[in-house]
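See below for structure-v4.cif, which holds mmCIF, N, CA and C atoms.
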data_coords
#
loop_
_atom_site.label_atom_id
_atom_site.label_comp_id
_atom_site.auth_asym_id
_atom_site.auth_seq_id
_atom_site.Cartn_x
_atom_site.Cartn_y
_atom_site.Cartn_z
N MET N 1 5.32 19.61 11.00
CA MET N 1 4.65 18.43 11.51
C MET N 1 3.24 18.80 11.96
N SER N 2 2.31 17.96 11.58
CA SER N 2 0.92 18.14 11.96
C SER N 2 0.56 17.07 12.97
N TYR N 3 -0.27 17.43 13.92
CA TYR N 3 -0.61 16.55 15.02
C TYR N 3 -2.07 16.16 14.89
N ILE N 4 -2.34 14.86 14.59
CA ILE N 4 -3.72 14.37 14.46
C ILE N 4 -3.88 13.14 15.33
N LEU N 5 -4.85 13.16 16.23
CA LEU N 5 -5.21 12.02 17.06
C LEU N 5 -4.01 11.37 17.75
N GLY N 6 -3.16 12.17 18.33
CA GLY N 6 -2.03 11.66 19.09
C GLY N 6 -0.85 11.22 18.26
N THR N 7 -0.81 11.58 16.98
CA THR N 7 0.28 11.16 16.10
C THR N 7 0.78 12.34 15.30
N ASN N 8 2.10 12.48 15.22
CA ASN N 8 2.69 13.50 14.37
C ASN N 8 2.74 12.99 12.94
N LEU N 9 2.19 13.77 12.02
CA LEU N 9 2.22 13.42 10.60
C LEU N 9 3.31 14.22 9.91
N ASN N 10 4.08 13.56 9.07
CA ASN N 10 5.12 14.23 8.31
C ASN N 10 4.47 15.15 7.28
N SER N 11 4.79 16.44 7.30
CA SER N 11 4.10 17.40 6.44
C SER N 11 4.54 17.33 4.99
N ASN N 12 5.63 16.64 4.70
CA ASN N 12 6.10 16.55 3.31
C ASN N 12 5.56 15.34 2.57
N LYS N 13 4.78 14.50 3.25
CA LYS N 13 4.25 13.29 2.62
C LYS N 13 2.82 13.51 2.15
N GLN N 14 2.38 12.62 1.25
CA GLN N 14 1.00 12.67 0.80
C GLN N 14 0.09 12.30 1.97
N VAL N 15 -1.15 12.80 1.92
CA VAL N 15 -2.08 12.60 3.03
C VAL N 15 -2.35 11.12 3.24
N LYS N 16 -2.59 10.38 2.15
CA LYS N 16 -2.94 8.96 2.30
C LYS N 16 -1.79 8.16 2.88
N ILE N 17 -0.57 8.57 2.67
CA ILE N 17 0.59 7.88 3.24
C ILE N 17 0.82 8.33 4.68
N ALA N 18 0.64 9.61 4.95
CA ALA N 18 0.86 10.14 6.29
C ALA N 18 -0.17 9.61 7.29
N LEU N 19 -1.40 9.38 6.84
CA LEU N 19 -2.44 8.89 7.74
C LEU N 19 -2.14 7.48 8.24
N THR N 20 -1.34 6.72 7.51
CA THR N 20 -1.03 5.37 7.95
C THR N 20 -0.12 5.35 9.19
N ARG N 21 0.41 6.50 9.60
CA ARG N 21 1.21 6.58 10.83
C ARG N 21 0.32 6.46 12.07
N ILE N 22 -0.99 6.68 11.91
CA ILE N 22 -1.92 6.57 13.03
C ILE N 22 -2.18 5.09 13.28
N PHE N 23 -2.05 4.64 14.53
CA PHE N 23 -2.28 3.24 14.88
C PHE N 23 -3.74 2.90 14.63
N GLY N 24 -3.98 1.94 13.74
CA GLY N 24 -5.33 1.52 13.40
C GLY N 24 -5.77 1.98 12.04
N ILE N 25 -4.99 2.85 11.39
CA ILE N 25 -5.29 3.30 10.04
C ILE N 25 -4.23 2.74 9.10
N GLY N 26 -4.65 1.85 8.24
CA GLY N 26 -3.76 1.27 7.25
C GLY N 26 -3.94 1.97 5.91
N PRO N 27 -3.30 1.46 4.87
CA PRO N 27 -3.41 2.09 3.54
C PRO N 27 -4.85 2.15 3.02
N LYS N 28 -5.59 1.07 3.23
CA LYS N 28 -6.96 1.03 2.70
C LYS N 28 -7.87 2.05 3.40
N LYS N 29 -7.79 2.12 4.71
CA LYS N 29 -8.61 3.08 5.45
C LYS N 29 -8.19 4.51 5.15
N ALA N 30 -6.89 4.74 4.95
CA ALA N 30 -6.41 6.09 4.62
C ALA N 30 -6.97 6.54 3.27
N ILE N 31 -7.01 5.63 2.30
CA ILE N 31 -7.58 5.97 0.99
C ILE N 31 -9.07 6.22 1.12
N GLN N 32 -9.77 5.44 1.96
CA GLN N 32 -11.20 5.65 2.17
C GLN N 32 -11.47 7.02 2.77
N VAL N 33 -10.66 7.44 3.72
CA VAL N 33 -10.84 8.76 4.33
C VAL N 33 -10.62 9.86 3.29
N CYS N 34 -9.58 9.72 2.48
CA CYS N 34 -9.29 10.73 1.46
C CYS N 34 -10.41 10.79 0.41
N ASP N 35 -10.93 9.62 0.03
CA ASP N 35 -12.03 9.59 -0.94
C ASP N 35 -13.29 10.22 -0.37
N ARG N 36 -13.57 9.96 0.89
CA ARG N 36 -14.77 10.51 1.51
C ARG N 36 -14.70 12.04 1.58
N LEU N 37 -13.49 12.57 1.76
CA LEU N 37 -13.31 14.03 1.81
C LEU N 37 -13.15 14.63 0.43
N GLY N 38 -12.91 13.80 -0.57
CA GLY N 38 -12.70 14.31 -1.92
C GLY N 38 -11.32 14.92 -2.12
N LEU N 39 -10.34 14.43 -1.35
CA LEU N 39 -8.98 14.94 -1.48
C LEU N 39 -8.28 14.29 -2.67
N SER N 40 -7.43 15.04 -3.31
CA SER N 40 -6.66 14.54 -4.43
C SER N 40 -5.68 13.47 -3.96
N ASP N 41 -5.27 12.59 -4.87
CA ASP N 41 -4.36 11.51 -4.51
C ASP N 41 -2.98 12.01 -4.12
N ASN N 42 -2.53 13.10 -4.70
CA ASN N 42 -1.16 13.53 -4.47
C ASN N 42 -1.05 14.80 -3.63
N ILE N 43 -2.10 15.19 -2.92
CA ILE N 43 -2.02 16.38 -2.07
C ILE N 43 -1.17 16.05 -0.84
N LYS N 44 -0.36 17.01 -0.45
CA LYS N 44 0.53 16.82 0.71
C LYS N 44 -0.11 17.38 1.97
N VAL N 45 0.39 16.93 3.10
CA VAL N 45 -0.18 17.32 4.39
C VAL N 45 -0.04 18.82 4.62
N ASN N 46 1.07 19.41 4.20
CA ASN N 46 1.26 20.85 4.45
C ASN N 46 0.36 21.72 3.59
N LYS N 47 -0.34 21.15 2.60
CA LYS N 47 -1.26 21.92 1.77
C LYS N 47 -2.70 21.87 2.28
N LEU N 48 -2.95 21.10 3.34
CA LEU N 48 -4.30 20.99 3.88
C LEU N 48 -4.67 22.23 4.70
N THR N 49 -5.94 22.57 4.66
CA THR N 49 -6.43 23.70 5.46
C THR N 49 -6.85 23.20 6.84
N LYS N 50 -7.09 24.14 7.74
CA LYS N 50 -7.54 23.80 9.10
C LYS N 50 -8.88 23.08 9.04
N TYR N 51 -9.75 23.49 8.13
CA TYR N 51 -11.06 22.87 7.98
C TYR N 51 -10.92 21.40 7.53
N GLN N 52 -9.99 21.13 6.62
CA GLN N 52 -9.77 19.77 6.15
C GLN N 52 -9.19 18.89 7.26
N PHE N 53 -8.31 19.45 8.08
CA PHE N 53 -7.79 18.71 9.23
C PHE N 53 -8.93 18.33 10.17
N ASP N 54 -9.81 19.30 10.44
CA ASP N 54 -10.94 19.03 11.33
C ASP N 54 -11.84 17.95 10.76
N GLN N 55 -12.06 17.97 9.44
CA GLN N 55 -12.88 16.94 8.81
C GLN N 55 -12.23 15.56 8.91
N ILE N 56 -10.93 15.50 8.70
CA ILE N 56 -10.21 14.22 8.81
C ILE N 56 -10.34 13.67 10.22
N ILE N 57 -10.13 14.51 11.22
CA ILE N 57 -10.25 14.08 12.61
C ILE N 57 -11.66 13.60 12.91
N GLU N 58 -12.65 14.31 12.41
CA GLU N 58 -14.04 13.95 12.66
C GLU N 58 -14.39 12.61 12.02
N ILE N 59 -13.99 12.41 10.78
CA ILE N 59 -14.30 11.15 10.08
C ILE N 59 -13.62 9.97 10.77
N ILE N 60 -12.35 10.13 11.11
CA ILE N 60 -11.62 9.02 11.73
C ILE N 60 -12.19 8.70 13.11
N SER N 61 -12.49 9.72 13.90
CA SER N 61 -12.97 9.46 15.26
C SER N 61 -14.39 8.88 15.27
N GLN N 62 -15.19 9.21 14.26
CA GLN N 62 -16.55 8.68 14.21
C GLN N 62 -16.61 7.26 13.65
N ASN N 63 -15.76 6.94 12.69
CA ASN N 63 -15.92 5.69 11.95
C ASN N 63 -14.92 4.60 12.28
N TYR N 64 -13.80 4.92 12.92
CA TYR N 64 -12.75 3.93 13.13
C TYR N 64 -12.28 3.94 14.57
N LEU N 65 -11.86 2.77 15.05
CA LEU N 65 -11.17 2.69 16.34
C LEU N 65 -9.69 2.93 16.08
N VAL N 66 -9.12 3.90 16.77
CA VAL N 66 -7.71 4.22 16.55
C VAL N 66 -7.01 4.45 17.89
N ASP N 67 -5.71 4.35 17.85
CA ASP N 67 -4.80 4.70 18.92
C ASP N 67 -5.15 4.01 20.24
N SER N 68 -5.39 4.75 21.30
CA SER N 68 -5.55 4.15 22.63
C SER N 68 -6.84 3.34 22.73
N GLU N 69 -7.89 3.75 22.02
CA GLU N 69 -9.14 2.99 22.05
C GLU N 69 -8.92 1.59 21.48
N LEU N 70 -8.23 1.51 20.36
CA LEU N 70 -7.95 0.23 19.71
C LEU N 70 -7.04 -0.63 20.58
N GLU N 71 -6.03 -0.03 21.18
CA GLU N 71 -5.14 -0.78 22.06
C GLU N 71 -5.91 -1.35 23.26
N ARG N 72 -6.84 -0.56 23.80
CA ARG N 72 -7.66 -1.00 24.92
C ARG N 72 -8.53 -2.20 24.52
N VAL N 73 -9.11 -2.15 23.32
CA VAL N 73 -9.94 -3.26 22.84
C VAL N 73 -9.10 -4.52 22.65
N ILE N 74 -7.90 -4.37 22.09
CA ILE N 74 -7.02 -5.52 21.87
C ILE N 74 -6.63 -6.15 23.20
N GLN N 75 -6.24 -5.32 24.17
CA GLN N 75 -5.86 -5.84 25.49
C GLN N 75 -7.03 -6.53 26.17
N ARG N 76 -8.24 -5.97 26.03
CA ARG N 76 -9.43 -6.58 26.62
C ARG N 76 -9.70 -7.95 25.99
N ASP N 77 -9.52 -8.06 24.68
CA ASP N 77 -9.73 -9.34 24.00
C ASP N 77 -8.71 -10.38 24.47
N ILE N 78 -7.46 -9.97 24.64
CA ILE N 78 -6.43 -10.89 25.11
C ILE N 78 -6.74 -11.35 26.53
N LYS N 79 -7.16 -10.44 27.39
CA LYS N 79 -7.52 -10.81 28.76
C LYS N 79 -8.70 -11.77 28.78
N ARG N 80 -9.65 -11.58 27.87
CA ARG N 80 -10.80 -12.48 27.77
C ARG N 80 -10.35 -13.87 27.38
N LEU N 81 -9.43 -13.97 26.40
CA LEU N 81 -8.92 -15.27 25.98
C LEU N 81 -8.22 -15.98 27.14
N ILE N 82 -7.46 -15.22 27.92
CA ILE N 82 -6.75 -15.81 29.06
C ILE N 82 -7.75 -16.27 30.12
N SER N 83 -8.78 -15.47 30.36
CA SER N 83 -9.71 -15.79 31.44
C SER N 83 -10.58 -17.01 31.12
N ILE N 84 -10.92 -17.23 29.85
CA ILE N 84 -11.74 -18.40 29.53
C ILE N 84 -10.90 -19.66 29.40
N GLY N 85 -9.59 -19.51 29.40
CA GLY N 85 -8.71 -20.67 29.42
C GLY N 85 -8.59 -21.40 28.10
N CYS N 86 -8.74 -20.70 27.00
CA CYS N 86 -8.61 -21.36 25.70
C CYS N 86 -7.13 -21.47 25.32
N TYR N 87 -6.87 -22.19 24.23
CA TYR N 87 -5.51 -22.43 23.78
C TYR N 87 -4.78 -21.13 23.50
N ARG N 88 -5.44 -20.22 22.79
CA ARG N 88 -4.80 -18.94 22.48
C ARG N 88 -4.49 -18.15 23.74
N GLY N 89 -5.36 -18.26 24.74
CA GLY N 89 -5.10 -17.60 26.01
C GLY N 89 -3.88 -18.15 26.71
N PHE N 90 -3.73 -19.49 26.71
CA PHE N 90 -2.53 -20.10 27.29
C PHE N 90 -1.28 -19.65 26.56
N ARG N 91 -1.34 -19.59 25.23
CA ARG N 91 -0.18 -19.19 24.45
C ARG N 91 0.18 -17.73 24.70
N HIS N 92 -0.84 -16.87 24.83
CA HIS N 92 -0.58 -15.46 25.17
C HIS N 92 0.10 -15.37 26.53
N ASN N 93 -0.42 -16.10 27.48
CA ASN N 93 0.10 -16.06 28.83
C ASN N 93 1.54 -16.56 28.88
N ALA N 94 1.87 -17.58 28.08
CA ALA N 94 3.22 -18.14 28.06
C ALA N 94 4.15 -17.34 27.17
N GLY N 95 3.61 -16.44 26.37
CA GLY N 95 4.44 -15.64 25.47
C GLY N 95 4.94 -16.41 24.27
N LEU N 96 4.18 -17.39 23.83
CA LEU N 96 4.56 -18.22 22.70
C LEU N 96 3.72 -17.89 21.48
N PRO N 97 4.14 -18.32 20.29
CA PRO N 97 3.33 -18.06 19.09
C PRO N 97 1.95 -18.70 19.18
N LEU N 98 0.95 -18.03 18.62
CA LEU N 98 -0.43 -18.47 18.78
C LEU N 98 -0.95 -19.30 17.62
N ARG N 99 -0.41 -19.10 16.46
CA ARG N 99 -1.08 -19.60 15.26
C ARG N 99 -0.40 -20.80 14.63
N GLY N 100 0.13 -21.67 15.46
CA GLY N 100 0.66 -22.93 14.96
C GLY N 100 2.07 -22.88 14.42
N GLN N 101 2.81 -21.81 14.69
CA GLN N 101 4.18 -21.74 14.20
C GLN N 101 5.08 -22.70 14.96
N ARG N 102 6.16 -23.06 14.33
CA ARG N 102 7.13 -23.98 14.92
C ARG N 102 7.89 -23.27 16.04
N THR N 103 8.08 -23.96 17.15
CA THR N 103 8.83 -23.35 18.26
C THR N 103 10.07 -24.14 18.64
N HIS N 104 10.29 -25.29 18.01
CA HIS N 104 11.47 -26.10 18.37
C HIS N 104 12.76 -25.38 18.01
N THR N 105 12.82 -24.84 16.80
CA THR N 105 14.04 -24.15 16.39
C THR N 105 13.84 -22.66 16.17
N ASN N 106 12.61 -22.23 15.99
CA ASN N 106 12.36 -20.81 15.74
C ASN N 106 11.67 -20.19 16.95
N ALA N 107 11.19 -18.99 16.79
CA ALA N 107 10.47 -18.26 17.85
C ALA N 107 11.36 -17.98 19.05
N LYS N 108 12.64 -17.67 18.79
CA LYS N 108 13.57 -17.39 19.88
C LYS N 108 13.14 -16.15 20.66
N THR N 109 12.69 -15.13 19.93
CA THR N 109 12.30 -13.89 20.59
C THR N 109 11.12 -14.11 21.52
N SER N 110 10.11 -14.84 21.06
CA SER N 110 8.95 -15.05 21.90
C SER N 110 9.28 -15.93 23.11
N ARG N 111 10.25 -16.84 22.95
CA ARG N 111 10.62 -17.66 24.10
C ARG N 111 11.42 -16.85 25.11
N LYS N 112 12.14 -15.81 24.65
CA LYS N 112 12.84 -14.94 25.59
C LYS N 112 11.85 -14.10 26.37
N LEU N 113 10.73 -13.76 25.71
CA LEU N 113 9.75 -12.87 26.33
C LEU N 113 8.70 -13.63 27.14
N ARG N 114 8.92 -14.91 27.40
CA ARG N 114 7.88 -15.70 28.04
C ARG N 114 7.60 -15.26 29.47
N TYR N 115 8.52 -14.52 30.07
CA TYR N 115 8.33 -14.10 31.45
C TYR N 115 7.50 -12.82 31.56
N ILE N 116 7.22 -12.21 30.43
CA ILE N 116 6.37 -11.01 30.42
C ILE N 116 4.94 -11.48 30.24
N SER N 117 4.06 -11.07 31.11
CA SER N 117 2.66 -11.46 30.98
C SER N 117 1.79 -10.21 31.06
N ILE N 118 0.57 -10.36 30.63
CA ILE N 118 -0.38 -9.26 30.66
C ILE N 118 -0.96 -9.15 32.06
N ARG N 119 -0.88 -7.95 32.60
CA ARG N 119 -1.36 -7.73 33.96
C ARG N 119 -2.79 -7.20 33.92
N SER N 120 -3.54 -7.53 34.92
CA SER N 120 -4.94 -7.09 35.00
C SER N 120 -5.04 -5.65 35.42
#
Do you think you could lay out the structure here as structure tokens?
Amino acid sequence: MSYILGTNLNSNKQVKIALTRIFGIGPKKAIQVCDRLGLSDNIKVNKLTKYQFDQIIEIISQNYLVDSELERVIQRDIKRLISIGCYRGFRHNAGLPLRGQRTHTNAKTSRKLRYISIRS
């Protein structure tokens, strides 16, 4: 197991697939990182050198918001929506679906979680 930016990467998987385990890095961004480094499509994590690991960490930390930074930004945005009193803020606060989904018969999970709110 390799440890990059707070995430354990499976050493038997391809690099572009293993990078998607990092919160904030999806398939498209993982392919962009591999292309920028010039890594082969089918190279595995256990075949990477220490220098390549350092380059991956450097590229991701400079160009993308990942892990705790991204979570902090998302939480800040949700708090902003709640503080300005918009519809999405009310729905976040109530723990209900935000994007117009039906709640009469569906959204049971979100209605169970309505008592959980975001704390300042």
- Task: Evaluate the PyMOL selection byres (((chain N and resi 78-88 and name CA) around 9) and name CA) here and jot the selected residues down as a list in words.
- Result: Val73, Ile74, Gln75, Arg76, Asp77, Gly89, Phe90, Arg91, His92, Asn93, Pro97, Leu98, Arg99, Ile118, Arg119 and Ser120 of chain N
- Task: Name every residue that the PyMOL selection byres ((chain N and resi 52-64) around 8) selects in this structure, writing the answer as a PyMOL selection string with chains first and numbers rising.
- Result: chain N and resi 4-5+24+33-34+37+48-51+65-67+70
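Closest approach to Lys44 of chain N among N:Leu9, N:Ile22, N:Ala94, N:Val15 is made by N:Val15 (distances from all atoms listed in the file).
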- Message: Applying the PyMOL selection byres ((chain N and resi 42) around 8) to the file I just gave you, which residues come out? Please list them as a ChimeraX atom specification.
- Response: /N:13-16,39-41,43-45
Centre, edges in Å (one decimal): axis-aligned box, segment 25-32 of chain N, 4 Å padding on all six sides, as AutoDock Vina command-line options:
--center_x -7.4 --center_y 4.0 --center_z 6.2 --size_x 16.2 --size_y 14.0 --size_z 18.4
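Closest approach to Phe23 of chain N among N:Ser68, N:Thr103, N:Thr109, N:Asn46 is made by N:Ser68 (distances from only C-alpha atoms).
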